[in-house]
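K.L.:
See upload08.cif below, with mmCIF, C-alpha atoms and all ligand atoms.
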```
data_protein
loop_
_atom_site.label_atom_id
_atom_site.label_comp_id
_atom_site.auth_asym_id
_atom_site.auth_seq_id
_atom_site.Cartn_x
_atom_site.Cartn_y
_atom_site.Cartn_z
CA MET A 1 8.87 -30.46 -4.46
CA ALA A 2 10.42 -27.69 -2.38
CA PHE A 3 13.79 -25.94 -2.36
CA THR A 4 15.50 -24.05 0.41
CA ALA A 5 16.39 -20.38 0.18
CA THR A 6 19.02 -19.12 2.59
CA VAL A 7 19.20 -15.42 3.43
CA GLY A 8 21.61 -14.43 6.18
CA ASN A 9 21.16 -17.00 8.91
CA GLN A 10 17.57 -17.82 7.95
CA GLN A 11 16.42 -20.72 5.82
CA VAL A 12 13.03 -20.83 4.17
CA SER A 13 11.39 -23.66 2.27
CA CYS A 14 9.96 -22.51 -1.09
CA GLY A 15 7.43 -24.63 -2.99
CA GLU A 16 8.06 -25.27 -6.66
CA ASP A 17 5.25 -22.93 -7.71
CA GLN A 18 5.65 -20.45 -4.85
CA SER A 19 7.34 -17.09 -5.23
CA MET A 20 10.28 -16.47 -2.92
CA LEU A 21 8.50 -13.44 -1.48
CA ASP A 22 5.41 -15.49 -0.66
CA ALA A 23 7.52 -18.18 1.03
CA PHE A 24 9.52 -15.67 3.09
CA LEU A 25 6.54 -13.64 4.25
CA ARG A 26 4.53 -16.75 5.16
CA ALA A 27 7.51 -17.92 7.23
CA GLY A 28 7.49 -14.54 9.02
CA VAL A 29 10.88 -13.55 7.54
CA TRP A 30 10.91 -9.97 6.36
CA MET A 31 11.75 -9.09 2.79
CA PRO A 32 11.27 -5.60 1.31
CA ASN A 33 8.15 -5.62 -0.87
CA SER A 34 5.56 -3.28 -2.25
CA CYS A 35 3.32 -4.06 -5.25
CA ASN A 36 3.67 -7.88 -5.33
CA GLN A 37 3.01 -7.83 -9.09
CA GLY A 38 6.47 -7.26 -10.56
CA THR A 39 6.10 -3.58 -11.37
CA CYS A 40 7.82 -1.68 -8.55
CA GLY A 41 11.12 -3.55 -8.13
CA THR A 42 11.15 -3.14 -4.32
CA CYS A 43 11.70 -6.87 -3.74
CA LYS A 44 14.68 -7.13 -6.12
CA LEU A 45 17.38 -9.35 -4.64
CA ARG A 46 20.61 -11.05 -5.63
CA VAL A 47 20.81 -14.81 -6.12
CA VAL A 48 24.33 -15.49 -4.92
CA ASP A 49 24.12 -19.21 -5.53
CA GLY A 50 21.45 -21.39 -7.17
CA ASP A 51 18.93 -21.28 -10.01
CA VAL A 52 15.66 -19.41 -10.31
CA ASP A 53 12.87 -19.21 -12.87
CA HIS A 54 12.02 -15.52 -13.38
CA GLY A 55 8.42 -16.37 -14.31
CA ASP A 56 6.48 -13.28 -15.41
CA SER A 57 9.11 -10.72 -14.29
CA PRO A 58 8.57 -7.73 -16.62
CA ALA A 59 11.64 -6.81 -18.69
CA ASP A 60 11.45 -3.14 -17.68
CA THR A 61 11.50 -3.99 -13.95
CA LEU A 62 14.17 -6.69 -14.29
CA THR A 63 16.39 -6.04 -17.30
CA ALA A 64 18.36 -8.68 -19.22
CA GLU A 65 21.59 -7.25 -17.73
CA GLU A 66 20.17 -7.56 -14.21
CA ARG A 67 19.15 -11.19 -14.81
CA GLU A 68 22.64 -11.81 -16.15
CA ALA A 69 24.08 -10.24 -12.98
CA GLY A 70 22.07 -12.62 -10.79
CA LEU A 71 19.28 -10.29 -9.75
CA ALA A 72 15.68 -11.49 -9.41
CA LEU A 73 12.28 -10.18 -8.35
CA ALA A 74 11.30 -12.10 -5.24
CA CYS A 75 7.58 -11.66 -5.95
CA GLN A 76 7.90 -13.38 -9.35
CA ALA A 77 10.88 -15.76 -9.08
CA ARG A 78 10.52 -19.46 -8.27
CA LEU A 79 13.49 -21.49 -7.02
CA ARG A 80 14.76 -24.28 -9.23
CA SER A 81 17.44 -25.41 -6.76
CA ASP A 82 18.47 -24.74 -3.18
CA SER A 83 19.75 -21.17 -3.29
CA VAL A 84 21.48 -18.45 -1.33
CA VAL A 85 20.02 -14.95 -1.74
CA GLU A 86 20.87 -11.48 -0.50
CA THR A 87 18.59 -8.47 -0.23
CA LEU A 88 20.01 -5.35 -1.89
CA GLY A 89 21.32 -2.28 -0.11
CA GLY A 90 21.64 -3.89 3.28
CA ALA A 91 17.87 -4.06 3.65
CA VAL A 92 16.48 -6.23 6.40
CA GLY A 93 16.75 -9.87 5.44
CA GLY A 94 16.41 -11.70 8.69
CA GLY A 95 13.86 -9.67 10.62
CA ILE A 96 10.54 -10.98 11.79
CA THR A 97 7.34 -9.54 10.45
CA HIS A 98 3.66 -10.37 10.66
CA PRO A 99 3.36 -13.59 8.68
CA LEU A 100 1.46 -13.60 5.40
CA ARG A 101 -1.73 -15.63 5.74
CA ASP A 102 -4.78 -16.76 3.79
CA LEU A 103 -8.13 -16.21 5.50
CA THR A 104 -11.75 -16.36 4.41
CA ALA A 105 -13.57 -13.13 5.25
CA THR A 106 -17.28 -12.38 5.39
CA VAL A 107 -18.46 -9.19 3.69
CA LEU A 108 -20.09 -7.16 6.50
CA SER A 109 -20.88 -4.12 4.35
CA ASN A 110 -20.19 -2.72 0.92
CA ASP A 111 -21.38 0.90 0.91
CA GLU A 112 -20.99 3.81 -1.44
CA ILE A 113 -19.14 6.55 0.45
CA ALA A 114 -18.26 8.94 -2.39
CA ARG A 115 -18.48 9.13 -6.18
CA ASP A 116 -17.44 5.72 -7.59
CA THR A 117 -16.04 4.79 -4.18
CA ARG A 118 -17.03 1.96 -1.83
CA ARG A 119 -16.08 1.13 1.73
CA LEU A 120 -15.80 -2.62 2.31
CA LEU A 121 -15.89 -4.01 5.81
CA LEU A 122 -14.62 -7.59 5.89
CA GLU A 123 -14.96 -9.69 9.01
CA LEU A 124 -12.23 -12.23 9.62
CA PRO A 125 -12.68 -15.55 11.44
CA GLU A 126 -9.69 -14.65 13.63
CA PRO A 127 -7.51 -11.54 14.09
CA LEU A 128 -4.90 -10.75 11.43
CA ALA A 129 -1.75 -9.05 12.70
CA PHE A 130 -0.53 -6.28 10.37
CA HIS A 131 1.18 -2.91 10.41
CA PRO A 132 -1.14 0.04 9.71
CA GLY A 133 -0.52 1.12 6.11
CA GLN A 134 -0.09 -2.42 4.74
CA TYR A 135 -2.48 -3.98 2.24
CA VAL A 136 -4.31 -7.23 1.54
CA GLU A 137 -5.00 -9.05 -1.70
CA LEU A 138 -8.45 -10.16 -2.82
CA THR A 139 -8.91 -12.86 -5.45
CA VAL A 140 -11.65 -12.15 -7.98
CA PRO A 141 -14.13 -15.08 -7.73
CA GLY A 142 -13.85 -17.68 -10.47
CA THR A 143 -10.46 -16.33 -11.58
CA GLN A 144 -6.81 -16.33 -10.52
CA LEU A 145 -6.79 -12.51 -10.57
CA ARG A 146 -5.47 -10.94 -7.40
CA ARG A 147 -5.95 -7.26 -6.58
CA GLN A 148 -4.36 -5.25 -3.79
CA TYR A 149 -6.33 -3.01 -1.40
CA SER A 150 -4.84 -0.96 1.43
CA LEU A 151 -6.04 -1.30 4.99
CA ALA A 152 -7.53 1.82 6.57
CA ASN A 153 -7.31 0.22 10.02
CA THR A 154 -5.07 0.69 13.01
CA ALA A 155 -3.32 -2.41 14.38
CA ASP A 156 -5.90 -3.07 17.11
CA GLU A 157 -8.71 -3.16 14.51
CA ASP A 158 -7.58 -6.61 13.42
CA LYS A 159 -10.85 -8.51 13.12
CA VAL A 160 -12.82 -6.27 10.73
CA LEU A 161 -10.77 -4.95 7.83
CA GLU A 162 -11.73 -1.65 6.20
CA LEU A 163 -10.93 -1.14 2.51
CA HIS A 164 -11.71 1.85 0.27
CA VAL A 165 -12.20 0.88 -3.36
CA ARG A 166 -12.47 3.16 -6.37
CA SER A 167 -14.26 1.83 -9.46
CA VAL A 168 -12.18 1.36 -12.61
CA SER A 169 -14.05 1.26 -15.90
CA GLY A 170 -14.23 -2.35 -17.11
CA GLY A 171 -12.26 -3.49 -14.06
CA ALA A 172 -12.39 -7.20 -13.22
CA ALA A 173 -12.32 -6.62 -9.45
CA THR A 174 -14.12 -3.31 -9.22
CA GLU A 175 -16.73 -2.73 -11.92
CA ARG A 176 -17.41 -6.41 -12.53
CA TRP A 177 -17.38 -7.65 -8.93
CA ILE A 178 -17.16 -5.26 -5.96
CA PHE A 179 -19.47 -2.64 -7.51
CA THR A 180 -21.96 -5.12 -8.96
CA SER A 181 -22.16 -8.62 -7.55
CA MET A 182 -20.34 -8.58 -4.19
CA ALA A 183 -23.05 -8.88 -1.52
CA VAL A 184 -23.19 -8.68 2.26
CA GLY A 185 -22.59 -12.17 3.64
CA ASP A 186 -20.35 -13.30 0.77
CA GLN A 187 -17.32 -15.34 1.85
CA ILE A 188 -14.18 -14.12 0.13
CA PRO A 189 -10.51 -15.15 0.27
CA VAL A 190 -8.18 -12.52 1.72
CA THR A 191 -4.37 -12.77 1.72
CA GLY A 192 -2.21 -10.46 3.80
CA PRO A 193 -0.59 -8.49 5.18
CA LEU A 194 1.71 -7.23 2.43
CA GLY A 195 3.81 -4.16 1.67
CA ASP A 196 6.36 -1.99 3.44
CA PHE A 197 4.30 1.19 3.74
CA PHE A 198 4.30 1.44 7.52
CA LEU A 199 5.73 3.44 10.40
CA PRO A 200 8.98 2.49 12.12
CA ALA A 201 8.56 0.47 15.30
CA GLU A 202 7.55 2.73 18.17
CA ASP A 203 10.97 2.54 19.85
CA SER A 204 12.73 3.70 16.68
CA ASP A 205 10.12 6.27 15.62
CA ASP A 206 11.77 9.71 15.92
CA GLY A 207 8.37 11.36 16.46
CA GLY A 208 9.17 14.02 13.86
CA PRO A 209 6.56 15.92 11.84
CA MET A 210 4.77 13.96 9.14
CA VAL A 211 3.12 14.91 5.88
CA LEU A 212 0.76 12.43 4.25
CA ILE A 213 -0.66 12.94 0.76
CA GLY A 214 -3.31 10.64 -0.67
CA GLY A 215 -4.98 10.70 -4.07
CA GLY A 216 -8.56 9.30 -4.15
CA THR A 217 -8.68 6.01 -2.26
CA GLY A 218 -4.98 6.54 -1.52
CA LEU A 219 -6.40 8.08 1.65
CA ALA A 220 -7.06 4.60 3.08
CA PRO A 221 -3.65 3.63 4.49
CA LEU A 222 -2.90 7.22 5.51
CA ILE A 223 -5.79 7.04 7.99
CA GLY A 224 -4.24 4.08 9.79
CA LEU A 225 -0.79 5.70 9.71
CA ALA A 226 -2.00 9.10 10.96
CA ARG A 227 -4.11 7.64 13.76
CA THR A 228 -1.25 5.40 14.87
CA ALA A 229 1.27 8.27 14.85
CA LEU A 230 -1.11 10.49 16.81
CA SER A 231 -1.84 7.81 19.38
CA ARG A 232 1.92 7.42 19.92
CA ASP A 233 2.30 11.18 20.41
CA PRO A 234 -0.89 13.28 20.55
CA GLY A 235 1.16 16.46 20.07
CA ARG A 236 2.85 15.31 16.87
CA ARG A 237 2.59 17.56 13.81
CA VAL A 238 0.66 15.57 11.19
CA LEU A 239 -0.36 17.24 7.94
CA LEU A 240 -2.76 15.19 5.78
CA TYR A 241 -3.71 16.25 2.24
CA HIS A 242 -6.48 14.48 0.35
CA GLY A 243 -6.37 15.16 -3.38
CA VAL A 244 -9.56 14.44 -5.35
CA ARG A 245 -11.23 15.72 -8.53
CA GLY A 246 -14.29 17.29 -6.89
CA VAL A 247 -16.26 17.64 -3.67
CA ASP A 248 -18.26 14.47 -4.45
CA ASP A 249 -15.06 12.43 -4.22
CA LEU A 250 -14.30 13.43 -0.63
CA TYR A 251 -15.17 11.00 2.15
CA ASN A 252 -14.47 10.28 5.87
CA LEU A 253 -14.93 14.01 6.52
CA ASP A 254 -16.49 13.35 9.95
CA GLN A 255 -13.46 11.31 10.94
CA MET A 256 -11.13 14.08 9.73
CA ALA A 257 -13.13 16.67 11.71
CA GLU A 258 -12.93 14.49 14.82
CA LEU A 259 -9.14 14.03 14.48
CA THR A 260 -8.75 17.80 14.00
CA LYS A 261 -10.76 18.41 17.18
CA VAL A 262 -8.91 15.86 19.31
CA TYR A 263 -5.35 16.56 18.07
CA PRO A 264 -4.51 20.28 17.76
CA ALA A 265 -1.38 19.59 15.68
CA PHE A 266 -3.29 17.50 13.12
CA THR A 267 -4.30 19.35 9.94
CA PHE A 268 -6.53 17.97 7.18
CA VAL A 269 -6.42 19.70 3.79
CA PRO A 270 -8.89 18.63 1.07
CA VAL A 271 -7.72 19.69 -2.41
CA LEU A 272 -9.91 19.68 -5.55
CA SER A 273 -8.16 19.33 -8.90
CA HIS A 274 -11.12 19.68 -11.28
CA GLU A 275 -13.55 21.94 -9.48
CA ALA A 276 -13.44 25.46 -8.09
CA PRO A 277 -14.05 25.37 -4.34
CA ALA A 278 -17.24 27.03 -3.17
CA ALA A 279 -16.84 30.45 -1.52
CA GLU A 280 -16.08 30.19 2.21
CA SER A 281 -15.28 26.45 1.92
CA VAL A 282 -12.15 24.93 3.41
CA HIS A 283 -11.36 23.17 0.14
CA ARG A 284 -8.32 24.21 -1.86
CA GLU A 285 -7.96 24.11 -5.62
CA GLY A 286 -5.18 22.39 -7.59
CA PHE A 287 -2.83 19.57 -6.61
CA PRO A 288 -2.03 18.62 -3.02
CA THR A 289 1.70 18.37 -3.75
CA ASP A 290 1.74 22.05 -4.86
CA HIS A 291 -0.11 23.08 -1.72
CA PHE A 292 2.43 21.27 0.42
CA ILE A 293 5.20 23.33 -1.24
CA GLU A 294 3.28 26.51 -0.48
CA ASP A 295 2.49 25.50 3.11
CA VAL A 296 5.86 24.18 4.29
CA ASP A 297 9.13 26.10 3.83
CA SER A 298 11.43 23.32 4.95
CA ALA A 299 10.69 19.62 5.43
CA ARG A 300 14.07 18.81 6.96
CA GLY A 301 13.42 16.30 9.74
CA TRP A 302 9.95 15.46 8.39
CA SER A 303 8.79 12.10 7.08
CA GLY A 304 6.60 11.96 3.98
CA TRP A 305 3.95 9.39 3.08
CA LEU A 306 2.49 9.25 -0.44
CA CYS A 307 -0.24 6.93 -1.65
CA GLY A 308 -2.39 6.71 -4.77
CA PRO A 309 -1.95 7.05 -8.53
CA PRO A 310 1.72 6.72 -9.58
CA PRO A 311 1.96 10.25 -11.16
CA MET A 312 0.73 11.82 -7.92
CA VAL A 313 3.23 9.79 -5.90
CA GLU A 314 6.09 10.88 -8.21
CA ALA A 315 4.99 14.53 -7.93
CA GLY A 316 5.00 14.12 -4.17
CA VAL A 317 8.55 12.75 -4.14
CA ARG A 318 9.68 15.81 -6.16
CA ALA A 319 7.82 18.17 -3.82
CA PHE A 320 9.33 16.58 -0.72
CA LYS A 321 12.85 16.72 -2.14
CA ARG A 322 12.31 20.35 -3.11
CA ARG A 323 11.53 21.04 0.52
CA ARG A 324 14.71 19.17 1.56
CA MET A 325 13.13 16.05 3.02
CA ALA A 326 15.76 13.30 3.37
CA PRO A 327 15.17 10.60 0.69
CA ARG A 328 15.15 7.84 3.32
CA MET A 329 12.22 9.60 5.02
CA ILE A 330 10.06 9.44 1.87
CA HIS A 331 7.64 6.48 1.83
CA ARG A 332 5.41 5.63 -1.09
CA GLU A 333 2.63 3.26 -2.04
CA LYS A 334 1.73 3.38 -5.73
CA PHE A 335 -1.63 2.02 -6.86
CA THR A 336 -0.15 0.49 -9.99
CA PRO A 337 -2.67 -1.33 -12.19
CA ALA A 338 -2.23 -5.10 -12.50
CA THR A 339 -0.11 -6.14 -15.44
P1 LIG A 401 -8.34 -4.18 -13.99
O1 LIG A 401 -9.20 -5.26 -14.55
O2 LIG A 401 -7.02 -4.55 -13.41
O3 LIG A 401 -8.10 -3.03 -15.06
C1 LIG A 401 -9.08 -2.71 -16.06
C2 LIG A 401 -8.43 -1.73 -17.05
O4 LIG A 401 -8.25 -0.46 -16.42
C3 LIG A 401 -7.04 -2.16 -17.50
O5 LIG A 401 -6.89 -1.74 -18.83
C4 LIG A 401 -6.11 -1.42 -16.56
O6 LIG A 401 -4.83 -1.21 -17.13
C5 LIG A 401 -6.86 -0.11 -16.37
N1 LIG A 401 -6.66 0.46 -15.03
C6 LIG A 401 -6.56 -0.21 -13.86
N2 LIG A 401 -6.42 0.66 -12.84
C7 LIG A 401 -6.45 1.89 -13.38
C8 LIG A 401 -6.36 3.20 -12.87
N3 LIG A 401 -6.20 3.42 -11.55
N4 LIG A 401 -6.45 4.23 -13.71
C9 LIG A 401 -6.61 4.04 -15.03
N5 LIG A 401 -6.69 2.82 -15.60
C10 LIG A 401 -6.61 1.76 -14.78
N6 LIG A 401 -7.21 0.56 -5.39
C11 LIG A 401 -8.16 1.09 -4.58
O7 LIG A 401 -9.23 1.53 -5.06
N7 LIG A 401 -7.98 1.17 -3.21
C12 LIG A 401 -6.85 0.73 -2.62
O8 LIG A 401 -6.73 0.81 -1.39
C13 LIG A 401 -5.82 0.17 -3.45
N8 LIG A 401 -4.66 -0.26 -2.90
C14 LIG A 401 -3.66 -0.72 -3.72
C15 LIG A 401 -2.44 -1.09 -3.15
C16 LIG A 401 -1.41 -1.52 -3.97
C17 LIG A 401 -0.08 -1.92 -3.34
C18 LIG A 401 -1.60 -1.62 -5.37
C19 LIG A 401 -0.49 -2.11 -6.26
C20 LIG A 401 -2.81 -1.28 -5.94
C21 LIG A 401 -3.86 -0.82 -5.13
N9 LIG A 401 -5.09 -0.45 -5.66
C22 LIG A 401 -6.06 0.09 -4.85
C23 LIG A 401 -5.42 -0.73 -7.09
C24 LIG A 401 -6.17 -2.09 -7.16
O9 LIG A 401 -5.32 -3.13 -6.71
C25 LIG A 401 -6.65 -2.46 -8.58
O10 LIG A 401 -5.58 -2.33 -9.48
C26 LIG A 401 -7.81 -1.58 -9.02
O11 LIG A 401 -8.90 -1.72 -8.14
C27 LIG A 401 -8.28 -1.99 -10.45
O12 LIG A 401 -8.58 -3.35 -10.46
P2 LIG A 401 -9.65 -3.94 -11.48
O13 LIG A 401 -9.50 -5.44 -11.44
O14 LIG A 401 -11.00 -3.40 -11.20
O15 LIG A 401 -9.19 -3.38 -12.88
#
```
Could you render the structure from this file as structure tokens?

P.N.:
Amino acid sequence: MAFTATVGNQQVSCGEDQSMLDAFLRAGVWMPNSCNQGTCGTCKLRVVDGDVDHGDSPADTLTAEEREAGLALACQARLRSDSVVETLGGAVGGGITHPLRDLTATVLSNDEIARDTRRLLLELPEPLAFHPGQYVELTVPGTQLRRQYSLANTADEDKVLELHVRSVSGGAATERWIFTSMAVGDQIPVTGPLGDFFLPAEDSDDGGPMVLIGGGTGLAPLIGLARTALSRDPGRRVLLYHGVRGVDDLYNLDQMAELTKVYPAFTFVPVLSHEAPAAESVHREGFPTDHFIEDVDSARGWSGWLCGPPPMVEAGVRAFKRRRMAPRMIHREKFTPAT
């Protein structure tokens, strides 16, 4: 059985057991979204008319008062009747995006690139259109567990996806699959693209300076974003901080050196939080967000891009605001654990 959701002048058919977000994105109709697991609240919308089942919507993301007021999380809610919905805050409801798709990928490589960190290269049977900075979901074999991993690719690299994965102790996807049993040649289901962590379209990109701060594997989407921004304007000021615990956690240093050589206004700053940098090294000590405050007097007119552990992302938002970055220019992707 399917019901119809109407948003603006668009109508989308939603299966009985399909989230509204899934139905909209598969139909190529844009809806704001980020974590796709009910924890961030980005996809919150208003059900103006109709009934929904809130499913597993967590009470701290969608409060009882919000449910009462007709709000719902699109990534969790299932329609129980034909409904009319509105996105909040005038966000895009009727735009077209790259449709969400299910593909079966072949594992091309699964290599250790830093301490507890793997690079996965996944070959797709056909190209997947996405915006650099978005992510895909992998389903852990033999389970219904889905885990999100950001794409390190630029848009033209649409046939072999590059993911950076950090091991989590006892983790179903990481320690018990990717770091142990996932082998080259394995066929794995991939769903994507998802998320709203991407640059404005080229014709509405103001070309202003950018600061990107990644913690650990939070570097992944920043690579695609930085390379895309620099290819649009090779003279653009792009400041990329990579925060890690120690030198052994750094990776893609050759790529960073190459970008620094090719683009004079690109700066890469590796920052170690739990290790004193060796004498004469380019590494800094402490937290990347603090270094940004020291390095940049005013971030008016800048855009900011934060990705990685939620506390680092929150610290970055505070740092950007302290340097007067406009809130609408602050973009974040939090690696929230699955609930
Ligand atoms: P789980 O089985 O989910 O967790 C095992 C235990 O560890 C649980 O108790 C859990 O609460 C806890 N736990 C989980 N994660 C952490 C953590 N980070 N720190 C401390 N405790 C934790 N990860 C990447 O490595 N690279 C990415 O590019 C990436 N992109 C993401 C994009 C998005 C939008 C989101 C929401 C998450 C992303 N993540 C990324 C995190 C990833 O999706 C998984 O949550 C992570 O790999 C752990 O999955 P797991 O199944 O191994 O662990």

K.L.:
Could you give me, as a tab-separated table, every chain A residue with an atom at most 9 Å from ligand LIG 401 (chain A), plus its closest atom pair and distance in Å to one decimal, counting all atoms listed in the file, rows ordered by chain then number?

P.N.:
```
residue	atom	partner	partner_atom	distance
A:Ser34	CA	A:LIG401	C17	5.9
A:Cys35	CA	A:LIG401	C19	4.4
A:Asn36	CA	A:LIG401	C19	7.2
A:Gln37	CA	A:LIG401	C19	7.3
A:Thr39	CA	A:LIG401	C19	8.5
A:Cys40	CA	A:LIG401	C19	8.6
A:Thr117	CA	A:LIG401	O7	7.6
A:Arg118	CA	A:LIG401	O7	8.5
A:Gln134	CA	A:LIG401	C17	8.1
A:Tyr135	CA	A:LIG401	C15	6.1
A:Val136	CA	A:LIG401	C15	7.9
A:Glu137	CA	A:LIG401	O9	7.8
A:Leu138	CA	A:LIG401	O9	8.6
A:Val140	CA	A:LIG401	O13	7.8
A:Leu145	CA	A:LIG401	O13	7.6
A:Arg146	CA	A:LIG401	O9	7.8
A:Arg147	CA	A:LIG401	O9	4.2
A:Gln148	CA	A:LIG401	O9	3.7
A:Tyr149	CA	A:LIG401	N8	3.5
A:Ser150	CA	A:LIG401	O8	3.8
A:Leu151	CA	A:LIG401	O8	6.8
A:Ala152	CA	A:LIG401	O8	8.1
A:Leu163	CA	A:LIG401	O8	6.1
A:His164	CA	A:LIG401	N7	5.1
A:Val165	CA	A:LIG401	O7	3.5
A:Arg166	CA	A:LIG401	O7	3.9
A:Ser167	CA	A:LIG401	O14	6.4
A:Val168	CA	A:LIG401	O14	5.1
A:Ser169	CA	A:LIG401	O4	6.1
A:Gly170	CA	A:LIG401	C1	5.3
A:Gly171	CA	A:LIG401	O14	3.1
A:Ala172	CA	A:LIG401	O13	3.8
A:Ala173	CA	A:LIG401	O13	3.6
A:Thr174	CA	A:LIG401	O14	3.7
A:Glu175	CA	A:LIG401	O14	5.8
A:Arg176	CA	A:LIG401	O14	7.2
A:Trp177	CA	A:LIG401	O14	8.0
A:Ile178	CA	A:LIG401	O14	8.3
A:Leu194	CA	A:LIG401	C17	8.0
A:Gly195	CA	A:LIG401	C17	6.7
A:Phe197	CA	A:LIG401	C17	8.9
A:Gly216	CA	A:LIG401	O7	7.9
A:Thr217	CA	A:LIG401	N7	5.0
A:Gly218	CA	A:LIG401	O8	6.0
A:Leu219	CA	A:LIG401	O8	7.9
A:Ala220	CA	A:LIG401	O8	5.9
A:Pro221	CA	A:LIG401	O8	7.2
A:Cys307	CA	A:LIG401	C15	8.5
A:Gly308	CA	A:LIG401	C13	7.5
A:Pro309	CA	A:LIG401	N3	6.4
A:Pro310	CA	A:LIG401	N3	8.8
A:Glu333	CA	A:LIG401	C17	6.0
A:Lys334	CA	A:LIG401	C19	5.9
A:Phe335	CA	A:LIG401	C20	3.6
A:Thr336	CA	A:LIG401	C19	4.6
A:Pro337	CA	A:LIG401	O10	4.1
A:Ala338	CA	A:LIG401	O2	4.9
A:Thr339	CA	A:LIG401	O6	7.0
```

K.L.:
If you count only C-alpha atoms, which residues fall within 9 Å of Phe24 in chain A, apart from same-chain ones fewer than 5 positions away, as a short mmCIF file (atom, residue, chain, number, x, y, z; two decimals) with C-alpha atoms, in the coordinates of the input?

P.N.:
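Contents of the output file around_24.cif:
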```cif
data_model
loop_
_atom_site.label_atom_id
_atom_site.label_comp_id
_atom_site.auth_asym_id
_atom_site.auth_seq_id
_atom_site.Cartn_x
_atom_site.Cartn_y
_atom_site.Cartn_z
CA ALA A 5 16.39 -20.38 0.18
CA GLN A 11 16.42 -20.72 5.82
CA VAL A 12 13.03 -20.83 4.17
CA SER A 13 11.39 -23.66 2.27
CA CYS A 14 9.96 -22.51 -1.09
CA SER A 19 7.34 -17.09 -5.23
CA VAL A 29 10.88 -13.55 7.54
CA TRP A 30 10.91 -9.97 6.36
CA MET A 31 11.75 -9.09 2.79
CA PRO A 99 3.36 -13.59 8.68
CA LEU A 100 1.46 -13.60 5.40
#
```

K.L.:
With only C-alpha atoms as the counted atoms, please give the residues lying no more than 6 Å from range 236-245 of chain A, apart from itself and same-chain residues fewer than 3 positions off, as JSON, numbers by chain.

P.N.:
{"A": [209, 210, 211, 212, 213, 214, 215, 216, 233, 249, 265, 266, 267, 268, 269, 270, 271, 272, 273, 274, 288]}

K.L.:
Would you put the residues from that selection into a file with C-alpha atoms, as an mmCIF file, keeping the file's coordinate frame?

P.N.:
```cif
data_model
loop_
_atom_site.group_PDB
_atom_site.id
_atom_site.type_symbol
_atom_site.label_atom_id
_atom_site.label_comp_id
_atom_site.auth_asym_id
_atom_site.auth_seq_id
_atom_site.Cartn_x
_atom_site.Cartn_y
_atom_site.Cartn_z
ATOM 1 C CA PRO A 209 6.560 15.920 11.840
ATOM 2 C CA MET A 210 4.770 13.960 9.140
ATOM 3 C CA VAL A 211 3.120 14.910 5.880
ATOM 4 C CA LEU A 212 0.760 12.430 4.250
ATOM 5 C CA ILE A 213 -0.660 12.940 0.760
ATOM 6 C CA GLY A 214 -3.310 10.640 -0.670
ATOM 7 C CA GLY A 215 -4.980 10.700 -4.070
ATOM 8 C CA GLY A 216 -8.560 9.300 -4.150
ATOM 9 C CA ASP A 233 2.300 11.180 20.410
ATOM 10 C CA ASP A 249 -15.060 12.430 -4.220
ATOM 11 C CA ALA A 265 -1.380 19.590 15.680
ATOM 12 C CA PHE A 266 -3.290 17.500 13.120
ATOM 13 C CA THR A 267 -4.300 19.350 9.940
ATOM 14 C CA PHE A 268 -6.530 17.970 7.180
ATOM 15 C CA VAL A 269 -6.420 19.700 3.790
ATOM 16 C CA PRO A 270 -8.890 18.630 1.070
ATOM 17 C CA VAL A 271 -7.720 19.690 -2.410
ATOM 18 C CA LEU A 272 -9.910 19.680 -5.550
ATOM 19 C CA SER A 273 -8.160 19.330 -8.900
ATOM 20 C CA HIS A 274 -11.120 19.680 -11.280
ATOM 21 C CA PRO A 288 -2.030 18.620 -3.020
#
```

K.L.:
Could you tell me how far CA of Val317 in chain A lies from CA of Ala226 in chain A, in Å and to one decimal?

P.N.:
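Separating CA of Val317 in chain A from CA of Ala226 in chain A is a distance of 18.8 Å.
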
K.L.:
Give me, as number ranges by chain, all polymer residues having an atom no more than 10 Å from Ala69 in chain A, counting all atoms listed in the file and skipping those fewer than 5 positions away in the same chain.

P.N.:
A: 46-48, 63-64
